[in-house]
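A.B. asks: Please read through the structure below; I'll follow up with questions.
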Amino acid sequence: MFFDDFHGLLRVATMSLLAYTAIVLTLRVAGKRSLAKLNAFDLVVTVALGSTLATILLAKDVALAEGILAFCMLALLQWLVSRLSISSGVFRRLVRSEPRLLLENGQFRFDAMAKERITASEIDAAVRNAGHGRLEAVAAVVLETDGNMSVISHGGEGELTALRSVRS
């Protein structure tokens, strides 16, 4: 009921040690971007790395070398997508979304909200989470490429920075 045999427990313990070491080394070589959630592709890689680690640890039919190759391939593919995004505007537009302005000077931008499938109550929650009690106190709410909402207050130099690259 609790385990089949001690060999299975020893296998999981050994695989955990080796796979954990492999993923740490892979992430170290791949760089900080590997765990960043800057866009949807980064999130997918992060989830896939976790799923791969779990599979290596628990699936008896997946060899350690196969799992390590999967770690390396995910890191390599993420690196390749980020490099192509930097060098090619066409590729960047294909794989990355742009931030979108959802609220401006306390006024909802219903067209943008509809395109992003965001409700007014979700924007209200983001504004409250940012410590504001009134929409009028907010210069803008931006839906970022990672799905988070940034709330920009009135009167800061951050308004220009925050809205420079935002799609209306």
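In the structure tokens, chains take the letters A, B, ... in the order shown, each chain's residues start at 1, and ligands count up from 1 in the order shown.
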Extract, using only C-alpha atoms, all DNA, RNA and protein residues at most 9 Å from stretch 140-153 of chain A, discarding same-chain residues fewer than 5 positions from it, and format them as a PyMOL selection string.
C.D. replies: chain A and resi 37-40+42-43+96-107+116+123+126-127+130+132+158-159+162-163+166
A.B. asks: At a cut-off of 12 Å, using only C-alpha atoms, what residues contact A:Ala63? Leave out same-chain residues fewer than 4 positions from it and give the result as a list in words.
C.D. replies: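 With the cut-off at 12 Å, the set is Arg11, Met15, Leu18, Ala19, Thr52, Leu53, Thr55, Ile56, Leu57, Leu58, Ala59, Gly67, Ile68, Leu69 and Ala70 of chain A.
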A.B. asks: Could you name the residues that touch stretch 77-80 of chain A at 9 Å or less, counting only C-alpha atoms, but leaving out those on the same chain fewer than 2 positions away, as a list of chain:residue names?
C.D. replies: A:Ala30, A:Arg33, A:Ser34, A:Phe41, A:Asp42, A:Val45, A:Cys72, A:Met73, A:Leu74, A:Ala75, A:Ser82, A:Arg83, A:Leu84, A:Ser85
A.B. asks: Going by DSSP on the backbone, which bits of chain A are helix (DSSP H, G or I)? Write them as a count of residues only, please.
C.D. replies: 105
A.B. asks: As a list in words, please: all residues of chain A that backbone DSSP puts in strand (DSSP E or B).
C.D. replies: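 The strand (DSSP E or B) residues within chain A come out as Arg100, Leu101, Leu102, Leu103, Glu104, Gln107, Phe108, Val138, Ala139, Ala140, Val141, Val142, Leu143, Met149, Ser150, Val151, Ile152, Ser153 and Arg167 of chain A.
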A.B. asks: Do you have the atom CA of A:Phe6-atom CA of A:Lys60 distance handy?
C.D. replies: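 Between atom CA of A:Phe6 and atom CA of A:Lys60 the gap works out to 14.2 Å.
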A.B. asks: Could you tell me how far atom CA of A:Gly133 lies from atom CA of A:Thr119, in Å and to one decimal?
C.D. replies: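 According to the coordinates, atom CA of A:Gly133 and atom CA of A:Thr119 are separated by 17.7 Å.
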A.B. asks: In Å, with one decimal, what is the gap from atom CA of A:Arg117 to atom CA of A:Gly131?
C.D. replies: 23.7 Å
A.B. asks: Using only C-alpha atoms, which of A:Leu27, A:Val95, A:Ala65, A:Ala36 sits nearest A:Val81?
C.D. replies: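 Between A:Leu27, A:Val95, A:Ala65, A:Ala36, the residue approaching A:Val81 most closely is A:Val95.
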